[in-house]
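Colleague: Below is query_32.cif; it holds mmCIF, C-alpha atoms.
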```
data_data
loop_
_atom_site.label_atom_id
_atom_site.label_comp_id
_atom_site.auth_asym_id
_atom_site.auth_seq_id
_atom_site.Cartn_x
_atom_site.Cartn_y
_atom_site.Cartn_z
CA MET N 204 10.12 -0.76 -2.82
CA SER N 205 10.24 -2.31 -6.22
CA ALA N 206 13.36 -2.17 -8.33
CA ASN N 207 11.32 -0.92 -11.26
CA THR N 208 10.23 2.38 -9.75
CA ILE N 209 12.11 5.60 -9.27
CA ALA N 210 11.58 5.40 -5.52
CA ASN N 211 15.29 4.91 -4.86
CA LEU N 212 16.24 8.37 -6.06
CA ALA N 213 17.04 10.62 -3.13
CA ASN N 214 14.75 13.48 -4.10
CA VAL N 215 11.88 11.20 -4.96
CA SER N 216 11.90 9.56 -1.55
CA LEU N 217 12.50 12.89 0.18
CA CYS N 218 9.42 14.35 -1.46
CA ALA N 219 7.29 11.23 -0.96
CA THR N 220 8.06 10.87 2.74
CA ALA N 221 7.48 14.57 3.38
CA LEU N 222 4.11 14.33 1.69
CA ASP N 223 3.27 11.26 3.78
CA ARG N 224 4.19 13.11 6.96
CA ALA N 225 2.02 16.05 5.98
CA MET N 226 -0.94 13.83 5.11
CA ASN N 227 -0.70 11.99 8.43
CA ARG N 228 0.08 15.03 10.55
CA PRO N 229 -1.54 15.60 13.94
CA ILE N 230 -4.52 17.87 13.62
CA HIS N 231 -2.93 20.93 15.23
CA LEU N 232 -0.08 21.13 12.71
CA PRO N 233 -0.23 23.07 9.44
CA GLY N 234 -0.53 21.09 6.21
CA MET N 235 1.41 22.93 3.54
CA ILE N 236 4.88 21.86 2.46
CA VAL N 237 7.36 23.41 0.06
CA PHE N 238 9.82 21.44 -2.07
CA TYR N 239 12.35 23.61 -3.86
CA GLY N 240 15.57 23.47 -5.80
CA PRO N 241 17.25 24.36 -9.10
CA SER N 242 15.83 23.05 -12.36
CA GLY N 243 16.77 19.67 -13.77
CA ILE N 244 17.35 18.16 -10.37
CA GLY N 245 14.43 15.78 -10.47
CA LYS N 246 11.63 17.79 -8.91
CA SER N 247 9.15 16.79 -11.59
CA PHE N 248 10.08 13.12 -11.24
CA SER N 249 9.45 13.48 -7.54
CA ALA N 250 6.18 15.26 -8.11
CA ALA N 251 5.04 12.56 -10.53
CA TYR N 252 5.90 9.75 -8.16
CA SER N 253 4.27 11.41 -5.17
CA ALA N 254 1.21 12.37 -7.18
CA ASN N 255 0.77 8.84 -8.49
CA ARG N 256 1.23 7.28 -5.09
CA THR N 257 -1.34 9.50 -3.41
CA GLN N 258 -3.60 10.03 -6.45
CA ALA N 259 -3.06 13.72 -5.89
CA TYR N 260 -4.50 16.60 -7.85
CA TYR N 261 -1.69 18.17 -9.84
CA VAL N 262 -1.53 21.63 -11.40
CA GLU N 263 1.38 23.34 -13.05
CA CYS N 264 1.29 27.12 -12.90
CA LYS N 265 1.97 29.34 -15.86
CA SER N 266 3.30 32.86 -15.66
CA SER N 267 0.27 34.33 -17.38
CA TRP N 268 -2.15 32.90 -14.85
CA THR N 269 -4.61 35.05 -12.99
CA ARG N 270 -6.37 33.88 -9.85
CA LYS N 271 -9.28 32.69 -11.92
CA ALA N 272 -7.04 30.76 -14.28
CA PHE N 273 -5.42 29.09 -11.31
CA LEU N 274 -8.71 28.05 -9.75
CA THR N 275 -10.06 26.85 -13.09
CA ALA N 276 -7.05 24.61 -13.50
CA VAL N 277 -7.40 23.23 -9.98
CA LEU N 278 -11.07 22.49 -10.52
CA GLN N 279 -10.39 20.90 -13.87
CA ALA N 280 -7.82 18.62 -12.26
CA MET N 281 -10.48 17.72 -9.71
CA ASP N 282 -13.03 17.06 -12.41
CA VAL N 283 -15.36 19.72 -11.07
CA MET N 284 -17.28 22.00 -13.40
CA PRO N 285 -16.02 25.48 -12.41
CA ALA N 286 -18.63 27.95 -11.10
CA LYS N 287 -18.69 31.52 -12.34
CA THR N 288 -17.24 33.60 -9.53
CA LEU N 289 -14.02 33.35 -7.58
CA PRO N 290 -15.67 32.81 -4.17
CA GLU N 291 -17.83 30.02 -5.56
CA MET N 292 -14.86 28.41 -7.25
CA THR N 293 -12.81 28.61 -4.07
CA GLU N 294 -15.61 26.94 -2.17
CA GLN N 295 -15.89 24.17 -4.74
CA ALA N 296 -12.18 23.48 -4.60
CA CYS N 297 -12.11 23.56 -0.80
CA GLU N 298 -14.99 21.14 -0.58
CA GLN N 299 -13.49 18.65 -2.99
CA LEU N 300 -10.08 18.90 -1.31
CA ALA N 301 -11.53 18.37 2.15
CA LEU N 302 -13.88 15.53 1.20
CA SER N 303 -11.55 13.55 -1.02
CA GLY N 304 -8.61 13.77 1.37
CA LYS N 305 -6.27 13.85 -1.60
CA PRO N 306 -3.35 16.27 -1.59
CA LEU N 307 -2.99 19.13 -4.05
CA ILE N 308 0.38 19.49 -5.76
CA ILE N 309 1.19 22.91 -7.19
CA ASP N 310 4.21 22.85 -9.49
CA GLU N 311 6.10 25.86 -10.86
CA MET N 312 4.79 27.85 -7.95
CA ASP N 313 7.25 30.67 -8.70
CA HIS N 314 5.03 31.86 -11.51
CA ILE N 315 2.21 32.93 -9.27
CA VAL N 316 4.05 33.79 -6.09
CA GLU N 317 4.18 37.48 -6.81
CA LYS N 318 0.50 37.70 -7.51
CA LYS N 319 -2.57 37.51 -5.34
CA ALA N 320 -2.85 33.86 -6.24
CA VAL N 321 -0.84 33.06 -3.12
CA GLU N 322 -3.78 34.28 -1.06
CA ILE N 323 -6.03 31.89 -2.95
CA ILE N 324 -3.83 28.98 -1.97
CA ARG N 325 -4.06 30.09 1.62
CA ASP N 326 -7.84 30.22 1.28
CA LEU N 327 -7.84 26.72 -0.16
CA TYR N 328 -5.80 25.50 2.75
CA GLU N 329 -7.88 27.28 5.38
CA GLY N 330 -11.11 26.13 3.80
CA SER N 331 -10.13 22.50 3.50
CA GLN N 332 -7.37 21.86 6.04
CA GLY N 333 -6.07 19.58 3.33
CA THR N 334 -2.51 18.85 2.32
CA ILE N 335 -0.86 21.13 -0.22
CA LEU N 336 2.59 20.52 -1.71
CA MET N 337 4.17 23.46 -3.49
CA ILE N 338 7.14 22.96 -5.79
CA GLY N 339 9.38 25.67 -7.15
CA GLU N 340 12.82 26.94 -7.89
CA GLU N 341 15.60 27.71 -5.47
CA ARG N 342 14.35 31.14 -4.47
CA LEU N 343 10.79 30.10 -3.72
CA PRO N 344 11.18 30.19 0.10
CA SER N 345 12.50 33.73 0.09
CA LYS N 346 9.75 34.82 -2.27
CA LEU N 347 7.15 33.27 0.01
CA LYS N 348 8.55 35.12 3.00
CA ALA N 349 6.90 38.25 1.68
CA TRP N 350 3.55 36.69 2.53
CA GLU N 351 3.73 36.43 6.26
CA ARG N 352 0.31 34.96 6.88
CA PHE N 353 1.21 32.29 4.43
CA HIS N 354 4.66 31.63 5.68
CA ASN N 355 3.75 30.33 9.11
CA ARG N 356 1.34 27.76 7.73
CA ILE N 357 4.16 25.79 6.19
CA LEU N 358 4.86 22.49 7.90
CA GLU N 359 8.18 21.80 6.20
CA TRP N 360 10.60 23.39 3.77
CA ILE N 361 12.39 20.69 1.84
CA PRO N 362 15.40 21.57 -0.29
CA ALA N 363 15.92 19.16 -3.20
CA GLN N 364 19.34 17.50 -3.16
CA LEU N 365 21.90 17.35 -5.94
CA ALA N 366 22.16 13.86 -7.36
CA ASP N 367 25.00 11.77 -5.96
CA LEU N 368 26.63 8.51 -6.97
CA ASP N 369 23.78 6.45 -5.52
CA ASP N 370 21.30 8.36 -7.63
CA SER N 371 23.41 7.83 -10.73
CA ARG N 372 23.54 4.13 -9.97
CA ALA N 373 19.77 3.99 -9.52
CA LEU N 374 19.26 5.88 -12.79
CA ALA N 375 21.67 3.57 -14.61
CA GLU N 376 19.74 0.55 -13.33
CA LEU N 377 16.53 2.09 -14.59
CA TYR N 378 17.61 3.46 -17.93
CA CYS N 379 20.34 1.10 -18.89
CA PRO N 380 19.60 -2.27 -17.31
CA ASP N 381 21.32 -4.23 -20.07
CA VAL N 382 24.76 -2.59 -19.70
CA VAL N 383 26.85 -2.42 -16.53
CA LEU N 384 28.49 0.94 -15.92
CA THR N 385 31.52 0.63 -13.68
CA ALA N 386 31.82 2.77 -10.56
CA ASP N 387 34.49 5.05 -11.99
CA LEU N 388 32.41 5.81 -15.07
CA LEU N 389 29.35 6.51 -12.93
CA ALA N 390 31.37 8.77 -10.65
CA GLU N 391 32.65 10.72 -13.64
CA ILE N 392 29.13 11.06 -15.05
CA THR N 393 27.85 12.34 -11.71
CA LYS N 394 30.69 14.87 -11.52
CA LYS N 395 30.37 16.09 -15.09
CA SER N 396 26.60 16.34 -14.78
CA LYS N 397 26.98 18.53 -11.68
CA GLY N 398 24.34 16.60 -9.79
CA CYS N 399 21.65 17.30 -12.37
CA VAL N 400 19.35 14.33 -12.89
CA ARG N 401 18.37 15.40 -16.39
CA ARG N 402 22.01 15.52 -17.53
CA ILE N 403 22.82 12.21 -15.86
CA CYS N 404 19.99 10.62 -17.86
CA VAL N 405 21.35 12.07 -21.10
CA ASN N 406 24.85 10.82 -20.34
CA ILE N 407 23.68 7.36 -19.34
CA GLU N 408 21.73 7.14 -22.58
CA GLN N 409 24.86 8.10 -24.55
CA VAL N 410 26.86 5.42 -22.78
CA ARG N 411 24.12 2.88 -23.41
CA ARG N 412 24.11 3.60 -27.13
CA ILE N 413 27.87 3.35 -27.43
CA ALA N 414 27.87 0.08 -25.49
CA VAL N 415 25.03 -1.39 -27.53
CA ASP N 416 26.73 -0.38 -30.80
CA ALA N 417 29.97 -1.97 -29.64
CA GLY N 418 28.11 -5.04 -28.42
CA VAL N 419 29.61 -4.98 -24.93
CA SER N 420 27.78 -5.57 -21.67
CA GLU N 421 30.09 -3.55 -19.43
CA LEU N 422 31.68 -0.17 -19.88
CA SER N 423 34.29 1.54 -17.71
CA LEU N 424 35.81 4.99 -17.72
CA SER N 425 38.84 3.79 -19.68
CA ASP N 426 36.56 2.24 -22.34
CA TRP N 427 34.79 5.56 -22.57
CA GLY N 428 38.11 7.28 -23.08
CA LYS N 429 38.15 10.83 -24.35
CA ARG N 430 34.57 11.02 -25.49
CA GLY N 431 32.98 13.98 -23.80
CA PHE N 432 29.95 14.08 -21.54
CA TYR N 433 26.90 16.24 -21.75
CA THR N 434 27.46 18.96 -19.17
CA GLY N 435 24.81 21.46 -20.13
CA ASP N 436 27.51 24.05 -20.93
CA ALA N 437 27.31 25.91 -24.21
CA PRO N 438 29.78 24.46 -26.71
CA LYS N 439 33.23 25.99 -26.90
CA ARG N 440 34.42 27.50 -30.17
CA ALA N 441 36.43 24.91 -32.04
CA ILE N 442 38.88 27.24 -33.81
CA MET U 143 -18.94 17.51 8.47
CA GLU U 144 -22.07 19.03 9.95
CA LYS U 145 -25.35 17.28 9.29
CA ASN U 146 -27.80 18.37 6.63
CA ARG U 147 -25.17 20.60 5.19
CA LYS U 148 -25.89 21.56 1.59
CA PRO U 149 -22.96 20.70 -0.64
CA ALA U 150 -21.47 23.41 -2.82
CA SER U 151 -23.02 23.18 -6.22
CA ILE U 152 -20.68 20.82 -7.88
CA GLU U 153 -21.17 19.20 -11.18
CA ARG U 154 -18.75 16.71 -12.58
CA ILE U 155 -17.16 17.48 -15.92
CA GLY U 156 -17.64 15.14 -18.84
CA GLY U 157 -19.32 11.82 -19.27
CA LEU U 158 -20.77 10.04 -16.27
CA THR U 159 -20.73 6.34 -15.67
CA LYS U 160 -23.74 4.61 -14.17
CA ARG U 161 -22.13 4.71 -10.78
CA ASP U 162 -21.24 8.39 -11.16
CA ARG U 163 -24.90 9.13 -11.74
CA ILE U 164 -26.04 7.09 -8.76
CA TRP U 165 -23.36 8.67 -6.55
CA LYS U 166 -24.39 12.14 -7.66
CA GLU U 167 -27.98 11.47 -6.60
CA ILE U 168 -26.84 10.00 -3.29
CA ARG U 169 -24.86 13.16 -2.53
CA LEU U 170 -27.86 15.31 -3.36
CA GLN U 171 -30.36 13.33 -1.31
CA ARG U 172 -28.11 12.26 1.60
CA GLU U 173 -30.93 10.23 3.19
CA PHE U 174 -33.02 8.07 0.94
CA THR U 175 -34.47 4.70 0.02
CA ALA U 176 -33.48 2.74 -3.04
CA ALA U 177 -36.84 3.66 -4.56
CA ASN U 178 -36.04 7.38 -4.16
CA LEU U 179 -32.92 6.91 -6.25
CA ILE U 180 -34.56 4.77 -8.87
CA ALA U 181 -37.33 7.36 -9.24
CA VAL U 182 -34.83 10.03 -10.32
CA LEU U 183 -32.77 7.67 -12.46
CA PRO U 184 -35.42 6.39 -14.84
CA THR U 185 -33.02 4.91 -17.38
CA MET U 186 -31.13 2.87 -14.83
CA GLN U 187 -31.86 -0.75 -14.06
CA SER U 188 -32.87 -1.08 -10.45
CA SER U 189 -30.41 -3.95 -9.99
CA SER U 190 -27.51 -1.58 -10.78
CA VAL U 191 -28.68 0.76 -8.04
CA HIS U 192 -29.13 -2.03 -5.50
CA HIS U 193 -25.77 -3.51 -6.32
CA TYR U 194 -23.92 -0.22 -5.91
CA LEU U 195 -25.75 0.45 -2.63
CA ARG U 196 -24.50 -2.90 -1.32
CA CYS U 197 -20.92 -1.96 -2.30
CA LEU U 198 -21.19 1.43 -0.63
CA CYS U 199 -22.57 -0.04 2.59
CA ALA U 200 -19.78 -2.62 2.69
CA GLY U 201 -17.22 0.13 2.10
CA GLY U 202 -18.55 2.22 4.97
CA TYR U 203 -19.88 5.04 2.81
CA LEU U 204 -23.54 4.42 3.60
CA GLU U 205 -25.37 3.26 6.66
CA ALA U 206 -28.45 1.18 6.04
CA ASP U 207 -31.37 1.10 8.44
CA LYS U 208 -32.94 -2.21 7.54
CA THR U 209 -35.48 -2.13 10.38
CA GLN U 210 -37.55 0.14 8.22
CA LYS U 211 -39.37 -1.17 5.20
CA PRO U 212 -38.17 -0.20 2.70
CA ALA U 213 -34.62 0.17 4.05
CA ARG U 214 -33.39 3.72 4.50
CA TYR U 215 -29.85 4.71 3.69
CA VAL U 216 -27.80 7.59 5.09
CA LEU U 217 -24.63 8.95 3.51
CA ILE U 218 -22.01 8.82 6.27
CA LYS U 219 -18.79 9.17 4.31
CA ASP U 220 -18.86 11.71 1.51
CA CYS U 221 -15.61 11.53 -0.42
CA GLY U 222 -16.45 14.27 -2.89
CA ILE U 223 -17.32 14.28 -6.51
CA GLU U 224 -15.66 11.05 -7.58
CA SER U 225 -17.86 8.03 -7.11
CA PRO U 226 -16.09 5.45 -4.92
CA ARG U 227 -14.94 2.53 -7.03
CA LEU U 228 -15.76 -0.49 -4.93
CA ARG U 229 -16.20 -4.21 -5.17
CA GLN U 230 -19.12 -5.92 -3.58
CA ASP U 231 -17.11 -6.60 -0.41
CA GLY U 232 -16.37 -2.88 -0.08
CA SER U 233 -12.72 -3.07 -1.11
CA THR U 234 -11.37 -0.53 -3.57
CA VAL U 235 -11.14 -1.38 -7.25
CA THR U 236 -7.58 -0.87 -8.46
CA GLN U 237 -8.27 -1.50 -12.12
CA GLY U 238 -7.80 1.75 -13.99
CA ARG U 239 -5.00 2.98 -11.75
CA ILE U 240 -2.47 2.16 -14.46
CA ASN U 241 -4.14 4.45 -16.99
CA GLU U 242 -4.59 7.03 -14.31
CA ASN U 243 -0.88 7.00 -13.45
CA LEU U 244 0.14 7.13 -17.09
CA TRP U 245 -2.16 10.05 -17.83
CA ARG U 246 -1.01 11.98 -14.78
CA THR U 247 2.66 11.29 -15.49
CA MET U 248 2.35 12.42 -19.11
CA LYS U 249 0.90 15.72 -17.98
CA ILE U 250 3.71 16.22 -15.49
CA LEU U 251 6.65 15.14 -17.67
CA LYS U 252 5.28 16.57 -20.93
CA THR U 253 8.20 15.13 -22.95
CA PHE U 254 8.88 11.42 -22.62
CA ASP U 255 9.30 8.08 -24.28
CA TRP U 256 7.32 5.03 -23.28
CA MET U 257 10.13 3.58 -21.22
CA ASP U 258 10.40 6.76 -19.12
CA LEU U 259 6.72 6.69 -18.67
CA SER U 260 6.49 3.10 -17.50
CA ARG U 261 9.18 3.70 -14.89
CA ILE U 262 8.02 7.00 -13.57
CA ALA U 263 4.36 6.03 -13.56
CA SER U 264 5.09 2.90 -11.50
CA THR U 265 4.52 3.04 -7.78
CA PRO U 266 4.80 0.26 -5.21
CA ASP U 267 1.12 -0.67 -5.65
CA VAL U 268 0.77 -0.05 -9.36
CA ILE U 269 3.42 -1.42 -11.67
CA VAL U 270 3.15 -0.16 -15.23
CA LYS U 271 4.69 -2.59 -17.70
CA PRO U 272 6.71 -1.00 -20.54
CA HIS U 273 4.48 -2.70 -23.07
CA THR U 274 1.35 -1.18 -21.50
CA ALA U 275 2.92 2.27 -21.54
CA LYS U 276 3.92 1.81 -25.17
CA HIS U 277 0.44 0.79 -26.25
CA TYR U 278 -1.12 3.71 -24.36
CA VAL U 279 1.33 6.23 -25.79
CA GLU U 280 0.82 4.98 -29.32
CA THR U 281 -2.94 5.12 -29.03
CA LEU U 282 -2.87 8.64 -27.60
CA HIS U 283 -0.56 9.64 -30.42
CA LYS U 284 -3.00 8.28 -32.98
CA ALA U 285 -5.77 10.21 -31.26
CA LYS U 286 -3.59 13.34 -31.56
CA TYR U 287 -3.16 13.93 -27.85
CA LEU U 288 0.59 13.61 -28.31
CA ILE U 289 2.94 14.74 -31.01
CA CYS U 290 6.00 12.76 -31.93
CA LEU U 291 9.10 14.91 -31.49
CA ARG U 292 11.50 12.30 -32.77
CA PRO U 293 10.45 9.09 -34.47
CA SER U 294 12.03 5.87 -33.33
CA SER U 295 15.15 4.57 -35.00
CA PRO U 296 17.09 1.39 -34.30
CA GLY U 297 18.09 1.42 -30.64
CA VAL U 298 16.37 4.73 -29.91
CA ARG U 299 12.80 5.05 -28.71
CA ALA U 300 10.49 7.68 -30.13
CA THR U 301 10.04 10.81 -28.04
CA TYR U 302 6.58 12.22 -27.59
CA ARG U 303 5.20 15.43 -26.23
CA MET U 304 1.85 15.94 -24.61
CA LEU U 305 -0.07 18.81 -26.16
CA SER U 306 -1.15 21.11 -23.37
CA SER U 307 -4.34 21.88 -25.28
CA MET U 308 -5.19 18.20 -25.02
CA ASN U 309 -5.11 18.15 -21.25
CA THR U 310 -8.81 17.47 -21.21
CA GLY U 311 -9.12 16.90 -17.46
CA GLY U 312 -8.43 14.75 -14.47
CA ARG U 313 -9.71 11.42 -15.72
CA ALA U 314 -7.56 9.22 -17.91
CA PRO U 315 -8.69 8.37 -21.42
CA LEU U 316 -9.12 4.64 -21.71
CA ILE U 317 -8.56 2.18 -24.47
CA GLN U 318 -11.66 0.11 -25.00
CA ARG U 319 -11.81 -3.48 -26.03
CA ASP U 320 -12.32 -2.60 -29.69
CA ARG U 321 -9.15 -0.46 -29.38
CA SER U 322 -11.02 2.80 -29.64
CA LEU U 323 -10.08 5.54 -27.19
CA TYR U 324 -12.73 6.96 -24.89
CA ASP U 325 -12.07 10.25 -23.11
CA PRO U 326 -14.29 10.42 -20.02
CA ASN U 327 -13.50 14.12 -19.59
CA LEU U 328 -15.20 14.83 -22.89
CA GLY U 329 -17.62 11.94 -22.58
CA LYS U 330 -16.98 10.67 -26.06
CA ILE U 331 -14.91 8.35 -28.18
CA VAL U 332 -12.01 10.37 -29.56
CA PHE U 333 -10.41 7.74 -31.71
CA LYS U 334 -11.68 4.70 -33.54
CA ARG U 335 -9.66 1.97 -35.10
CA GLY U 336 -9.43 2.47 -38.82
CA GLN U 337 -9.11 6.22 -38.41
CA ASP U 338 -5.39 5.80 -38.01
CA ASN U 339 -4.31 7.18 -41.32
CA GLU U 340 -0.91 8.55 -40.39
CA PRO U 341 -1.20 11.38 -37.84
CA ASN U 342 0.24 14.69 -38.93
CA ASN U 343 3.55 14.29 -37.18
#
```
What do you get writing this file as structure tokens?

Modeller:
Amino acid sequence: MSANTIANLANVSLCATALDRAMNRPIHLPGMIVFYGPSGIGKSFSAAYSANRTQAYYVECKSSWTRKAFLTAVLQAMDVMPAKTLPEMTEQACEQLALSGKPLIIDEMDHIVEKKAVEIIRDLYEGSQGTILMIGEERLPSKLKAWERFHNRILEWIPAQLADLDDSRALAELYCPDVVLTADLLAEITKKSKGCVRRICVNIEQVRRIAVDAGVSELSLSDWGKRGFYTGDAPKRAI
Amino acid sequence: MEKNRKPASIERIGGLTKRDRIWKEIRLQREFTAANLIAVLPTMQSSSVHHYLRCLCAGGYLEADKTQKPARYVLIKDCGIESPRLRQDGSTVTQGRINENLWRTMKILKTFDWMDLSRIASTPDVIVKPHTAKHYVETLHKAKYLICLRPSSPGVRATYRMLSSMNTGGRAPLIQRDRSLYDPNLGKIVFKRGQDNEPNN
């Protein structure tokens, strides 16, 4: 693994290895996996890395989507001119998925889980026996339970992890290579960011700017002093 | 895959390269001679067809029966609508993967700066240099695929956002040697140098 990639982040490697396992699964095992967790935790980073590594087809669902809109987006990602009817479109997508051997990544799956679109995904899987990675929020597994025929075709359910100190260190190396953040400062950032990758990035960027302005190459918690961190909480009233 | 199976009617979106057009004919005919292909591709030089056939045989996509004159080819590995990108020895061409990763990552992240992009688009096989990401982002901004949310200031990189209406498809727009931008999904040049009077944002 190169030092310049995001592969060292826990969620990124979790997602990538799960996708590898699904793509290389024995033929009798199902090929759909679900990666879920709260927002801001690095699911999109993970999706991007996994998609790039496997040259996957990626679609991000929107709440307004119908089944047709979903299939159109899948076909567009595959570069296939969509046919006119749903059955034809399903067949096109199945064929391309099966022949290319590339996985399909469906992000923001929550948006379509309460609609018939879930059945379409099952059709895609049945018709291609390909690999499908679905990504969604924390409650995605329980929402999917309502679709029993779907549920037992899932190879793995992978909960995304909250970022820990190692993740903060990896992010600091990526986003702030020119300034060393001491362990106590990193620990504080991790704590204040509540394990949220997005907030950790914001905080590291703040630290970087302060350090660059001050012209120092190392910053510790005591240097940081009483300056606050970005916690994602709404600001408190100052009077 | 059963033999003689008719493929679902699939047509690729956008502009086709020479090899895309040859591959499309191969998938339609499945068993053919070079002359069969050349007959339906009148504008193509026959050497292009022969060269691509050699690549495909070396890569294990086609099987050639050279005992017959002229040689007959059979499609044995159909990888779908994308034409395999192969060198003459059958190995896969990796050029273009950088653009592909950048394009895919932009669509996934939506809001980013070029440094984010170069890191997140890098994989063990394909390393995207920050400078490459920057050049790509700036060109796509000029071509109005991206809007600038926050211009750069000393020490802070500009933040861009991908316009969802500009998600033209699966293939990455590419910067040509004359620095124009070609979008293969639309099959046309979307930006030419000299057009870059300040974009709206």

Colleague: With distances taken over all atoms listed in the file, which residue among U:Leu170, U:Val270, U:Ala314, U:Met257 lies nearest Leu217 of chain U?

Modeller: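 Result for the nearest residue to Leu217 of chain U: U:Leu170.
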
Colleague: Can you list every residue of chain N that has an atom at most 10 Å from chain U, with its nearest atom pair and the distance in Å to one decimal, using all atoms listed in the file, ordered by chain then number, as a tab-separated table?

Modeller:
```
residue	atom	partner	partner_atom	distance
N:Met204	CA	U:Pro266	CA	5.9
N:Ser205	CA	U:Pro266	CA	6.1
N:Ala206	CA	U:Pro266	CA	9.4
N:Asn207	CA	U:Arg261	CA	6.3
N:Thr208	CA	U:Arg261	CA	5.4
N:Ile209	CA	U:Ile262	CA	6.1
N:Ala210	CA	U:Thr265	CA	7.8
N:Ser247	CA	U:Ile250	CA	6.7
N:Phe248	CA	U:Ile262	CA	6.9
N:Ser249	CA	U:Ile262	CA	9.0
N:Ala250	CA	U:Ile250	CA	7.8
N:Ala251	CA	U:Thr247	CA	5.6
N:Tyr252	CA	U:Ile262	CA	6.4
N:Ser253	CA	U:Thr265	CA	8.8
N:Ala254	CA	U:Arg246	CA	7.9
N:Asn255	CA	U:Asn243	CA	5.5
N:Arg256	CA	U:Thr265	CA	6.0
N:Thr257	CA	U:Thr265	CA	9.8
N:Gln258	CA	U:Asn243	CA	8.1
N:Ala259	CA	U:Arg246	CA	9.3
N:Tyr260	CA	U:Gly312	CA	7.9
N:Tyr261	CA	U:Arg246	CA	7.9
N:Val262	CA	U:Ile250	CA	8.6
N:Glu263	CA	U:Ile250	CA	7.9
N:Ala276	CA	U:Gly311	CA	8.9
N:Val277	CA	U:Gly312	CA	9.7
N:Leu278	CA	U:Gly312	CA	9.1
N:Gln279	CA	U:Gly311	CA	5.5
N:Ala280	CA	U:Gly312	CA	4.5
N:Met281	CA	U:Gly312	CA	6.0
N:Asp282	CA	U:Ile155	CA	5.4
N:Val283	CA	U:Arg154	CA	4.8
N:Met284	CA	U:Ile155	CA	5.2
N:Pro285	CA	U:Ile152	CA	8.0
N:Ala286	CA	U:Ile152	CA	8.1
N:Glu291	CA	U:Ala150	CA	8.0
N:Met292	CA	U:Ala150	CA	9.4
N:Glu294	CA	U:Ala150	CA	6.9
N:Gln295	CA	U:Ala150	CA	5.9
N:Ala296	CA	U:Ala150	CA	9.5
N:Cys297	CA	U:Ala150	CA	9.6
N:Glu298	CA	U:Ala150	CA	7.2
N:Gln299	CA	U:Gly222	CA	5.3
N:Leu300	CA	U:Gly222	CA	8.0
N:Ala301	CA	U:Gly222	CA	8.1
N:Leu302	CA	U:Cys221	CA	4.6
N:Ser303	CA	U:Cys221	CA	4.6
N:Gly304	CA	U:Cys221	CA	7.6
N:Lys305	CA	U:Cys221	CA	9.7
N:Asp310	CA	U:Ile250	CA	9.0
N:Leu377	CA	U:Arg261	CA	7.5
N:Tyr378	CA	U:Asp258	CA	8.0
N:Glu408	CA	U:Val298	CA	9.4
N:Arg411	CA	U:Gly297	CA	9.5
N:Arg412	CA	U:Gly297	CA	7.3
N:Val415	CA	U:Gly297	CA	8.1
N:Asp416	CA	U:Gly297	CA	8.8
```

Colleague: Excluding Tyr278 of chain U and residues on its chain fewer than 4 positions from it, collect all residues at most 9 Å away from it, counting all atoms listed in the file, and give them as a ChimeraX atom specification.

Modeller: /U:241,244,256,273-274,282-283,316-317

Colleague: I need the residue nearest Ala206 of chain U from this list: U:Thr175, U:Gln237, U:Ser294, U:Thr281. Use only C-alpha atoms for the distance.

Modeller: U:Thr175

Colleague: The PyMOL selection byres ((chain N and resi 435) around 10) - which residues does that actually catch in the file I just gave you? List them as JSON, numbers by chain.

Modeller: {"N": [395, 396, 397, 399, 401, 402, 432, 433, 434, 436, 437, 438]}

Colleague: Restricted to C-alpha atoms, what would the selected residues look like written as a PDB file, keeping the file's coordinate frame?

Modeller:
```pdb
ATOM      1  CA  LYS N 395      30.370  16.090 -15.090  1.00  0.00           C
ATOM      2  CA  SER N 396      26.600  16.340 -14.780  1.00  0.00           C
ATOM      3  CA  LYS N 397      26.980  18.530 -11.680  1.00  0.00           C
ATOM      4  CA  CYS N 399      21.650  17.300 -12.370  1.00  0.00           C
ATOM      5  CA  ARG N 401      18.370  15.400 -16.390  1.00  0.00           C
ATOM      6  CA  ARG N 402      22.010  15.520 -17.530  1.00  0.00           C
ATOM      7  CA  PHE N 432      29.950  14.080 -21.540  1.00  0.00           C
ATOM      8  CA  TYR N 433      26.900  16.240 -21.750  1.00  0.00           C
ATOM      9  CA  THR N 434      27.460  18.960 -19.170  1.00  0.00           C
ATOM     10  CA  ASP N 436      27.510  24.050 -20.930  1.00  0.00           C
ATOM     11  CA  ALA N 437      27.310  25.910 -24.210  1.00  0.00           C
ATOM     12  CA  PRO N 438      29.780  24.460 -26.710  1.00  0.00           C
TER      13      PRO N 438
END
```

Colleague: Any chance you could model N, CA and C atoms for segment 358-362 of chain N and send them as a CSV table (one decimal), in the frame of the given file?

Modeller:
```csv
chain,number,residue,atom,x,y,z
N,358,LEU,N,4.4,23.5,7.0
N,358,LEU,CA,4.9,22.5,7.9
N,358,LEU,C,6.3,22.2,7.7
N,359,GLU,N,6.8,22.1,6.5
N,359,GLU,CA,8.2,21.8,6.2
N,359,GLU,C,8.7,22.5,4.9
N,360,TRP,N,9.9,22.9,5.0
N,360,TRP,CA,10.6,23.4,3.8
N,360,TRP,C,11.6,22.3,3.4
N,361,ILE,N,11.5,21.8,2.2
N,361,ILE,CA,12.4,20.7,1.8
N,361,ILE,C,13.2,21.1,0.6
N,362,PRO,N,14.5,21.3,0.9
N,362,PRO,CA,15.4,21.6,-0.3
N,362,PRO,C,15.7,20.3,-1.1
```
